[in-house]
>>> print(open('final.csv').read())   # CSV, C-alpha atoms and all ligand atoms
chain,number,residue,atom,x,y,z
V,1,MET,CA,-15.7,6.8,27.0
V,2,PRO,CA,-17.9,9.9,26.4
V,3,LEU,CA,-20.6,10.5,28.9
V,4,VAL,CA,-23.6,8.3,28.0
V,5,SER,CA,-27.3,9.0,27.9
V,6,MET,CA,-29.1,8.1,31.1
V,7,ARG,CA,-31.9,6.7,29.0
V,8,GLN,CA,-29.6,4.2,27.4
V,9,LEU,CA,-28.2,3.3,30.8
V,10,LEU,CA,-31.7,2.7,32.3
V,11,ASP,CA,-32.9,0.8,29.3
V,12,GLU,CA,-30.0,-1.5,29.7
V,13,ALA,CA,-30.7,-1.8,33.4
V,14,ALA,CA,-34.3,-2.8,32.6
V,15,LYS,CA,-33.2,-5.4,30.1
V,16,GLY,CA,-30.8,-6.8,32.8
V,17,GLY,CA,-33.3,-6.5,35.6
V,18,TYR,CA,-31.0,-4.4,37.9
V,19,GLY,CA,-31.0,-0.9,39.4
V,20,VAL,CA,-28.3,1.8,39.0
V,21,GLY,CA,-27.2,4.0,41.9
V,22,ALA,CA,-27.2,7.7,41.3
V,23,PHE,CA,-24.6,9.3,43.6
V,24,ASN,CA,-24.4,13.0,44.4
V,25,VAL,CA,-21.2,14.9,43.9
V,26,ASN,CA,-19.8,18.2,45.1
V,27,ASP,CA,-16.1,17.9,44.8
V,28,MET,CA,-13.2,15.9,43.3
V,29,GLU,CA,-12.9,13.4,46.1
V,30,GLN,CA,-16.5,12.3,45.8
V,31,ILE,CA,-16.2,11.9,42.1
V,32,GLN,CA,-13.0,9.8,42.6
V,33,ALA,CA,-14.7,7.7,45.3
V,34,ILE,CA,-17.5,6.8,42.9
V,35,MET,CA,-15.1,6.0,40.1
V,36,MET,CA,-13.0,3.9,42.4
V,37,ALA,CA,-16.1,1.9,43.3
V,38,ALA,CA,-17.3,1.7,39.7
V,39,LYS,CA,-14.0,0.4,38.5
V,40,GLN,CA,-13.7,-2.1,41.2
V,41,THR,CA,-17.2,-3.5,40.7
V,42,LYS,CA,-17.3,-2.9,36.9
V,43,SER,CA,-20.5,-0.9,37.2
V,44,PRO,CA,-22.2,1.6,34.9
V,45,VAL,CA,-23.0,4.6,37.0
V,46,ILE,CA,-25.1,7.8,37.3
V,47,VAL,CA,-23.3,10.8,38.8
V,48,GLN,CA,-25.6,13.7,39.8
V,49,ALA,CA,-25.3,17.3,40.9
V,50,SER,CA,-27.9,19.3,42.7
V,51,ARG,CA,-28.3,23.0,42.2
V,52,GLY,CA,-26.5,23.4,45.5
V,53,ALA,CA,-23.6,21.3,44.2
V,54,ARG,CA,-23.3,23.3,41.0
V,55,ALA,CA,-23.2,26.5,43.1
V,56,PHE,CA,-20.7,25.1,45.6
V,57,ALA,CA,-18.3,23.7,43.1
V,58,GLU,CA,-18.9,26.2,40.3
V,59,ASP,CA,-20.4,24.6,37.1
V,60,LEU,CA,-17.2,24.4,35.1
V,61,TYR,CA,-15.0,22.9,37.8
V,62,LEU,CA,-17.6,20.2,38.5
V,63,PHE,CA,-18.3,19.4,34.8
V,64,LYS,CA,-14.6,19.3,33.9
V,65,LEU,CA,-14.0,16.9,36.8
V,66,ILE,CA,-16.7,14.6,35.4
V,67,GLN,CA,-15.2,14.8,32.0
V,68,ALA,CA,-11.9,13.8,33.6
V,69,ALA,CA,-13.6,10.8,35.2
V,70,ALA,CA,-15.0,9.8,31.8
V,71,GLU,CA,-11.5,10.1,30.2
V,72,LEU,CA,-9.8,8.2,32.9
V,73,ASN,CA,-12.3,5.4,32.9
V,74,PRO,CA,-13.0,4.5,29.3
V,75,ASP,CA,-14.6,1.2,30.3
V,76,ILE,CA,-17.2,2.7,32.6
V,77,PRO,CA,-20.5,4.1,31.2
V,78,ILE,CA,-21.2,7.4,33.1
V,79,ALA,CA,-24.4,9.5,32.8
V,80,MET,CA,-24.2,13.0,34.2
V,81,HIS,CA,-27.5,14.1,35.7
V,82,GLN,CA,-29.0,17.3,37.0
V,83,ASP,CA,-30.6,16.4,40.3
V,84,HIS,CA,-33.9,18.3,41.2
V,85,GLY,CA,-33.9,20.9,38.5
V,86,ASN,CA,-36.4,23.6,39.7
V,87,SER,CA,-37.0,25.3,36.4
V,88,PHE,CA,-36.7,25.1,32.7
V,89,GLU,CA,-33.7,27.4,33.0
V,90,THR,CA,-31.8,25.1,35.4
V,91,CYS,CA,-32.3,22.2,33.0
V,92,ARG,CA,-31.4,24.3,30.0
V,93,SER,CA,-28.1,25.4,31.6
V,94,ALA,CA,-27.2,21.8,32.6
V,95,ILE,CA,-27.8,20.7,29.0
V,96,ALA,CA,-25.6,23.6,27.7
V,97,LEU,CA,-22.8,22.4,30.0
V,98,GLY,CA,-23.0,18.9,28.6
V,99,TYR,CA,-25.1,17.0,31.2
V,100,THR,CA,-26.6,13.9,29.5
V,101,SER,CA,-29.7,13.9,31.7
V,102,VAL,CA,-31.8,16.3,33.7
V,103,MET,CA,-34.5,16.0,36.4
V,104,MET,CA,-37.3,18.5,36.0
V,105,ASP,CA,-38.8,18.4,39.5
V,106,GLY,CA,-42.1,20.2,38.7
V,107,SER,CA,-43.7,18.7,41.7
V,108,LEU,CA,-42.6,21.9,43.4
V,109,LYS,CA,-42.8,25.5,42.2
V,110,GLU,CA,-39.7,27.3,41.1
V,111,ASP,CA,-38.9,28.2,44.7
V,112,GLY,CA,-38.2,24.5,45.3
V,113,LYS,CA,-40.5,24.5,48.4
V,114,THR,CA,-44.1,25.0,47.5
V,115,PRO,CA,-46.0,22.0,46.0
V,116,SER,CA,-47.3,22.9,42.5
V,117,THR,CA,-50.5,21.8,40.8
V,118,PHE,CA,-50.7,18.8,38.5
V,119,ASP,CA,-51.1,20.9,35.4
V,120,GLU,CA,-48.2,23.2,36.3
V,121,ASN,CA,-46.0,20.1,36.7
V,122,VAL,CA,-47.1,18.7,33.4
V,123,ASP,CA,-46.6,22.0,31.6
V,124,VAL,CA,-43.0,22.7,32.7
V,125,THR,CA,-42.0,19.0,32.5
V,126,ARG,CA,-43.3,18.7,28.9
V,127,ARG,CA,-41.4,21.9,27.9
V,128,VAL,CA,-38.2,20.4,29.3
V,129,VAL,CA,-38.8,17.0,27.6
V,130,ASP,CA,-39.3,18.7,24.2
V,131,TYR,CA,-36.1,20.8,24.6
V,132,ALA,CA,-34.0,17.9,26.0
V,133,HIS,CA,-35.1,15.2,23.7
V,134,GLU,CA,-34.3,17.4,20.7
V,135,ARG,CA,-30.8,17.4,22.0
V,136,GLY,CA,-30.7,13.7,22.9
V,137,VAL,CA,-30.8,14.4,26.6
V,138,THR,CA,-32.8,12.2,29.1
V,139,VAL,CA,-35.5,13.6,31.4
V,140,GLU,CA,-36.6,12.5,34.8
V,141,GLY,CA,-39.9,13.9,36.1
V,142,GLU,CA,-41.5,13.7,39.6
V,143,ILE,CA,-45.1,13.1,40.5
V,144,GLY,CA,-46.1,13.3,44.2
V,145,VAL,CA,-43.9,15.2,46.6
V,146,LEU,CA,-41.0,13.8,48.6
V,147,GLY,CA,-40.5,14.6,52.2
V,148,GLY,CA,-37.7,16.4,53.9
V,149,VAL,CA,-35.3,19.1,52.6
V,150,GLU,CA,-31.9,18.7,51.1
V,151,ASP,CA,-29.6,21.4,49.8
V,152,GLY,CA,-32.5,23.9,50.4
V,153,HIS,CA,-34.8,21.9,48.1
V,154,GLY,CA,-37.9,20.2,49.4
V,155,ALA,CA,-41.4,20.7,50.8
V,156,GLY,CA,-40.4,19.4,54.2
V,157,GLY,CA,-42.8,17.1,56.1
V,158,SER,CA,-42.6,13.4,56.6
V,159,GLY,CA,-43.1,12.3,53.0
V,160,LEU,CA,-46.5,10.9,53.7
V,161,GLU,CA,-48.4,14.1,52.8
V,162,HIS,CA,-48.2,13.8,49.0
V,163,ILE,CA,-47.9,10.1,48.2
V,164,THR,CA,-48.1,9.5,44.4
V,165,ASP,CA,-51.5,8.6,43.1
V,166,PRO,CA,-51.0,5.8,40.6
V,167,ASP,CA,-53.7,7.2,38.2
V,168,GLN,CA,-51.9,10.5,38.2
V,169,ALA,CA,-48.6,8.8,37.6
V,170,VAL,CA,-50.0,7.2,34.4
V,171,GLU,CA,-51.5,10.5,33.1
V,172,PHE,CA,-48.3,12.3,34.0
V,173,ALA,CA,-46.1,9.8,32.1
V,174,GLU,CA,-48.4,9.9,29.1
V,175,ARG,CA,-48.7,13.7,28.9
V,176,THR,CA,-45.0,14.5,29.5
V,177,GLY,CA,-43.1,11.7,27.7
V,178,VAL,CA,-40.5,11.5,30.5
V,179,ASP,CA,-37.9,8.8,30.3
V,180,ALA,CA,-37.9,8.2,34.1
V,181,LEU,CA,-40.3,9.0,36.8
V,182,ALA,CA,-39.6,9.8,40.5
V,183,ILE,CA,-42.4,8.8,42.7
V,184,ALA,CA,-43.2,9.7,46.3
V,185,ILE,CA,-43.8,6.5,48.5
V,186,GLY,CA,-42.9,7.9,51.9
V,187,THR,CA,-39.2,8.5,51.6
V,188,SER,CA,-37.6,11.7,52.6
V,189,HIS,CA,-34.4,13.6,51.8
V,190,GLY,CA,-31.7,14.0,54.5
V,191,ALA,CA,-30.6,11.8,57.3
V,192,TYR,CA,-33.9,11.7,59.3
V,193,LYS,CA,-36.2,9.6,57.2
V,194,PHE,CA,-37.9,7.3,59.6
V,195,ASN,CA,-38.0,7.1,63.5
V,196,LYS,CA,-37.9,3.3,63.5
V,197,LYS,CA,-37.3,0.6,60.9
V,198,PRO,CA,-39.9,1.5,58.3
V,199,ASP,CA,-42.9,-0.8,57.7
V,200,GLY,CA,-45.7,-0.6,55.2
V,201,SER,CA,-47.4,2.2,57.1
V,202,VAL,CA,-44.7,4.7,56.3
V,203,LEU,CA,-42.8,3.2,53.3
V,204,LYS,CA,-45.4,2.5,50.6
V,205,MET,CA,-43.9,-0.2,48.5
V,206,ASP,CA,-47.5,-1.3,47.6
V,207,VAL,CA,-47.9,2.1,45.9
V,208,LEU,CA,-44.7,1.6,43.9
V,209,ILE,CA,-45.8,-1.9,42.8
V,210,ALA,CA,-49.2,-0.5,41.8
V,211,ILE,CA,-47.5,2.2,39.7
V,212,HIS,CA,-45.2,-0.3,38.1
V,213,LYS,CA,-48.1,-2.5,37.1
V,214,ARG,CA,-49.7,0.3,35.3
V,215,LEU,CA,-46.5,1.8,33.8
V,216,PRO,CA,-44.4,-1.3,33.2
V,217,TYR,CA,-42.2,0.5,30.6
V,218,THR,CA,-41.4,3.6,32.6
V,219,HIS,CA,-38.2,3.6,34.6
V,220,LEU,CA,-39.0,4.4,38.2
V,221,VAL,CA,-36.8,6.4,40.4
V,222,MET,CA,-36.4,6.1,44.2
V,223,HIS,CA,-35.3,9.3,45.9
V,224,GLY,CA,-34.2,9.6,49.5
V,225,SER,CA,-33.0,6.0,49.3
V,226,SER,CA,-30.0,6.1,51.6
V,227,SER,CA,-30.1,3.2,54.1
V,228,VAL,CA,-28.5,5.3,56.8
V,229,PRO,CA,-26.8,2.2,58.4
V,230,LYS,CA,-26.3,2.3,62.1
V,231,GLU,CA,-22.6,1.5,61.8
V,232,LEU,CA,-22.0,4.7,59.9
V,233,GLN,CA,-24.0,6.8,62.4
V,234,ASP,CA,-22.0,5.1,65.2
V,235,ILE,CA,-18.7,6.1,63.7
V,236,VAL,CA,-19.8,9.7,63.5
V,237,ASN,CA,-21.1,9.7,67.1
V,238,LYS,CA,-18.1,7.8,68.5
V,239,TYR,CA,-15.8,10.6,67.3
V,240,GLY,CA,-17.6,13.6,68.6
V,241,GLY,CA,-20.7,13.8,66.4
V,242,SER,CA,-24.2,14.0,67.7
V,243,LEU,CA,-26.6,12.4,65.3
V,244,LYS,CA,-30.0,11.4,66.7
V,245,PRO,CA,-31.0,7.7,66.1
V,246,THR,CA,-32.6,7.4,62.6
V,247,TRP,CA,-33.6,4.9,60.0
V,248,GLY,CA,-33.3,5.0,56.2
V,249,VAL,CA,-34.7,2.7,53.5
V,250,PRO,CA,-33.5,-0.8,54.1
V,251,VAL,CA,-31.6,-2.3,51.2
V,252,GLU,CA,-34.0,-5.2,50.9
V,253,GLU,CA,-36.9,-2.7,50.2
V,254,ILE,CA,-34.8,-1.1,47.5
V,255,GLN,CA,-34.2,-4.5,46.0
V,256,LEU,CA,-38.0,-5.2,46.1
V,257,GLY,CA,-38.3,-1.9,44.2
V,258,ILE,CA,-35.8,-3.0,41.7
V,259,ARG,CA,-37.8,-6.1,41.1
V,260,ASN,CA,-40.7,-3.8,40.4
V,261,GLY,CA,-39.4,-1.3,37.9
V,262,VAL,CA,-37.0,0.9,39.9
V,263,ARG,CA,-34.0,1.5,37.7
V,264,LYS,CA,-32.4,4.6,39.4
V,265,VAL,CA,-31.7,4.7,43.1
V,266,ASN,CA,-30.6,8.1,44.6
V,267,VAL,CA,-28.1,7.8,47.4
V,268,ASP,CA,-26.4,10.8,49.1
V,269,THR,CA,-26.8,10.7,52.9
V,270,ASP,CA,-24.9,7.4,53.3
V,271,ASN,CA,-21.9,8.9,51.5
V,272,ARG,CA,-22.0,12.1,53.6
V,273,LEU,CA,-22.0,10.0,56.8
V,274,ALA,CA,-19.1,7.8,55.6
V,275,ILE,CA,-17.0,10.9,54.7
V,276,THR,CA,-17.8,12.7,58.0
V,277,GLY,CA,-17.2,9.7,60.1
V,278,ALA,CA,-13.8,9.1,58.5
V,279,ILE,CA,-12.7,12.7,58.9
V,280,ARG,CA,-13.9,12.8,62.5
V,281,LYS,CA,-11.9,9.7,63.3
V,282,VAL,CA,-8.7,11.2,62.0
V,283,PHE,CA,-9.3,14.4,63.9
V,284,ALA,CA,-10.1,12.6,67.2
V,285,GLU,CA,-7.3,10.0,67.0
V,286,THR,CA,-4.5,12.2,65.6
V,287,PRO,CA,-5.3,15.8,66.5
V,288,GLU,CA,-1.8,16.8,65.6
V,289,LYS,CA,-2.5,16.3,61.9
V,290,PHE,CA,-3.3,19.2,59.7
V,291,ASP,CA,-2.6,18.1,56.1
V,292,PRO,CA,-6.0,17.8,54.4
V,293,ARG,CA,-4.8,14.7,52.5
V,294,ASP,CA,-4.5,12.9,55.9
V,295,TYR,CA,-8.2,13.1,56.3
V,296,MET,CA,-9.5,13.4,52.7
V,297,LYS,CA,-7.9,10.2,51.7
V,298,PRO,CA,-9.6,8.0,54.3
V,299,ALA,CA,-12.8,10.0,53.7
V,300,ARG,CA,-12.6,9.1,50.0
V,301,GLU,CA,-12.0,5.5,50.8
V,302,ALA,CA,-14.9,5.3,53.2
V,303,MET,CA,-17.2,6.7,50.6
V,304,ALA,CA,-15.9,4.3,47.9
V,305,LYS,CA,-16.6,1.4,50.2
V,306,VAL,CA,-20.3,2.5,50.7
V,307,VAL,CA,-20.7,3.1,46.9
V,308,SER,CA,-19.3,-0.2,46.0
V,309,GLU,CA,-21.6,-2.0,48.5
V,310,ARG,CA,-24.6,-0.3,46.9
V,311,MET,CA,-23.5,-1.1,43.4
V,312,THR,CA,-23.3,-4.8,44.3
V,313,GLU,CA,-26.6,-4.7,46.2
V,314,PHE,CA,-28.5,-2.8,43.4
V,315,GLY,CA,-27.2,-5.4,40.8
V,316,GLN,CA,-25.3,-2.9,38.5
V,317,ALA,CA,-22.0,-4.5,39.4
V,318,GLY,CA,-20.5,-6.4,36.4
V,319,HIS,CA,-22.6,-4.7,33.8
V,320,ALA,CA,-20.2,-1.9,32.7
V,321,GLY,CA,-19.1,-3.8,29.6
V,322,ASP,CA,-22.5,-4.9,28.4
V,323,TYR,CA,-23.0,-2.3,25.8
V,324,THR,CA,-21.4,0.5,23.7
V,325,PRO,CA,-22.6,4.0,24.2
V,326,ILE,CA,-25.0,5.5,21.7
V,327,PRO,CA,-23.8,9.0,20.8
V,328,ILE,CA,-26.1,11.7,22.2
V,329,SER,CA,-26.7,13.0,18.6
V,330,LYS,CA,-28.0,9.5,17.7
V,331,MET,CA,-30.3,9.6,20.8
V,332,ALA,CA,-31.7,12.9,19.5
V,333,GLU,CA,-32.4,11.2,16.1
V,334,ASP,CA,-34.0,8.3,17.8
V,335,TYR,CA,-36.3,10.5,20.0
V,336,LYS,CA,-37.3,12.4,16.8
V,337,SER,CA,-38.1,9.3,14.8
V,338,GLY,CA,-40.1,7.8,17.6
V,339,LYS,CA,-37.8,4.9,18.0
V,340,LEU,CA,-37.5,5.6,21.7
V,341,ASP,CA,-41.2,5.7,22.3
V,342,THR,CA,-41.0,1.9,22.6
V,343,ARG,CA,-39.3,0.9,25.8
V,344,PRO,CA,-37.5,-2.4,26.6
V,345,SER,CA,-39.8,-4.7,28.5
V,346,VAL,CA,-38.9,-5.2,32.1
V,347,ALA,CA,-37.1,-8.4,32.9
V,348,ALA,CA,-39.2,-11.1,34.4
V,349,HIS,CA,-39.1,-11.3,38.2
U,401,ZN,ZN,-34.2,13.7,45.5
>>> encode(input="final.csv", output="structure tokens")
Amino acid sequence: MPLVSMRQLLDEAAKGGYGVGAFNVNDMEQIQAIMMAAKQTKSPVIVQASRGARAFAEDLYLFKLIQAAAELNPDIPIAMHQDHGNSFETCRSAIALGYTSVMMDGSLKEDGKTPSTFDENVDVTRRVVDYAHERGVTVEGEIGVLGGVEDGHGAGGSGLEHITDPDQAVEFAERTGVDALAIAIGTSHGAYKFNKKPDGSVLKMDVLIAIHKRLPYTHLVMHGSSSVPKELQDIVNKYGGSLKPTWGVPVEEIQLGIRNGVRKVNVDTDNRLAITGAIRKVFAETPEKFDPRDYMKPAREAMAKVVSERMTEFGQAGHAGDYTPIPISKMAEDYKSGKLDTRPSVAAH
């Protein structure tokens, strides 16, 4: 199956009332782990690469690996997404490679650190939307600023400094025409999201629900949504790691989000922990081993297990065969004709 438009994938998720995990990749084993899980659970999937991933793996290696995943899995719809594009140029180069979706994170300036003004965010996002839609490519924007730093991207902080204002979210969605909107509700990137199980004082699900009420047809995106399960932290620490106790976003809160317009859920940290724990275990238990396959294989399996759990929890499992992909060129025509201005209504909850 060719890579599909993320907009189509999210529209279908809205119709079906489920969420779709967006999993970050940097190398072949991570891509294989995601595809193993997608195949096993029959899930459509979003694979995403940060700027850091593109630099680490080199653009062409990474993109060809994704193409291989699509060729080897003709029954699985895959959208390839640029995570946290910092500029028009980053998004343009991803589209040139063949990515079917880009995030223009204009909530920060091009340095990826300094919060921008609302008008700066609208301007750069609108430019990316015009350029991308002409080519049939989906755009995710961000309003409000997430906490933490990941891959050198982020404003830092707890995530509570720049919670999304629902009025601004409405104005932003209208002025930019984004297909999907990332909002800041207290989540952070990285492993250290919360210092106890989050409650409503730090994880603002009420803000998400308020935004969804006003923007019922905009696909919402939850970033920093790893659950950071204790059992994964424990494996890392048991075999010589030293992670401080930390809490992520509980799966039940993500499911509440999915009932309220969240269609894309970004997960990275959980997979990193699963991989690291599996590798540490091999090193600790069999220090005589030195063939990378001896630890990359269990690492890949550990990640596939986490991904497949999330696919089931988010509800995307079983939906791979629901639809046939619309060619990207047809998406371009549909954006142009205004057909995509109307969004599918959100399934009743
Ligand atoms: Zn993010």
>>> residues_around(input="final.csv", residues="segment 231-238 of chain V", least_positions_apart="2", cutoff="9 Å", atoms="all atoms listed in the file", output="ChimeraX atom specification")
/V:228-229,240-246,270,273-274,276-281
>>> residues_near_ligand(input="final.csv", ligand="ligand ZN 401 (chain U)", cutoff="7 Å", atoms="only C-alpha atoms and all ligand atoms", output="mmCIF file with C-alpha atoms, in the frame of the given file")
data_model
loop_
_atom_site.group_PDB
_atom_site.id
_atom_site.type_symbol
_atom_site.label_atom_id
_atom_site.label_comp_id
_atom_site.auth_asym_id
_atom_site.auth_seq_id
_atom_site.Cartn_x
_atom_site.Cartn_y
_atom_site.Cartn_z
ATOM 1 C CA ASP V 83 -30.600 16.400 40.300
ATOM 2 C CA HIS V 84 -33.900 18.300 41.200
ATOM 3 C CA HIS V 189 -34.400 13.600 51.800
ATOM 4 C CA HIS V 223 -35.300 9.300 45.900
ATOM 5 C CA GLY V 224 -34.200 9.600 49.500
ATOM 6 C CA ASN V 266 -30.600 8.100 44.600
#
>>> atom_distance(input="final.csv", atom1="atom CA of Met104 of chain V", atom2="atom CA of Ser50 of chain V")
11.6 Å
>>> closest_residue(input="final.csv", among="V:Gln40, V:Thr100, V:Asp199, V:Gly21", to="Leu3 of chain V", atoms="all atoms listed in the file")
V:Thr100
>>> closest_atom_pairs(input="final.csv", of="segment 172-270 of chain V", to="segment 22-31 of chain V", cutoff="6 Å", atoms="all atoms listed in the file", output="JSON lines")
{"residue": "V:Val265", "atom": "CA", "partner": "V:Ala22", "partner_atom": "CA", "distance": 5.7}
{"residue": "V:Asn266", "atom": "CA", "partner": "V:Ala22", "partner_atom": "CA", "distance": 4.8}
{"residue": "V:Val267", "atom": "CA", "partner": "V:Phe23", "partner_atom": "CA", "distance": 5.4}
{"residue": "V:Asp268", "atom": "CA", "partner": "V:Asn24", "partner_atom": "CA", "distance": 5.6}
>>> atom_distance(input="final.csv", atom1="atom CA of Lys197 of chain V", atom2="atom CA of Thr164 of chain V")
21.6 Å
>>> closest_residue(input="final.csv", among="V:Leu160, V:Ala37, V:Ile209, V:Met331", to="Gln316 of chain V", atoms="all atoms listed in the file")
V:Ala37
>>> residues_near_point(input="final.csv", point="(-30.1, 13.3, 30.4)", cutoff="12 Å", atoms="all atoms listed in the file", output="PyMOL selection string")
chain V and resi 3-10+46-48+78-83+85+91-92+94-104+128-129+131-141+178-180+328+331-332
>>> closest_residue(input="final.csv", among="V:Lys109, V:Val221, V:Ile76, V:Gly154", to="Glu142 of chain V", atoms="all atoms listed in the file")
V:Val221
>>> closest_residue(input="final.csv", among="V:Thr187, V:Thr114, V:Gln67, V:Ser308", to="Met1 of chain V", atoms="all atoms listed in the file")
V:Gln67
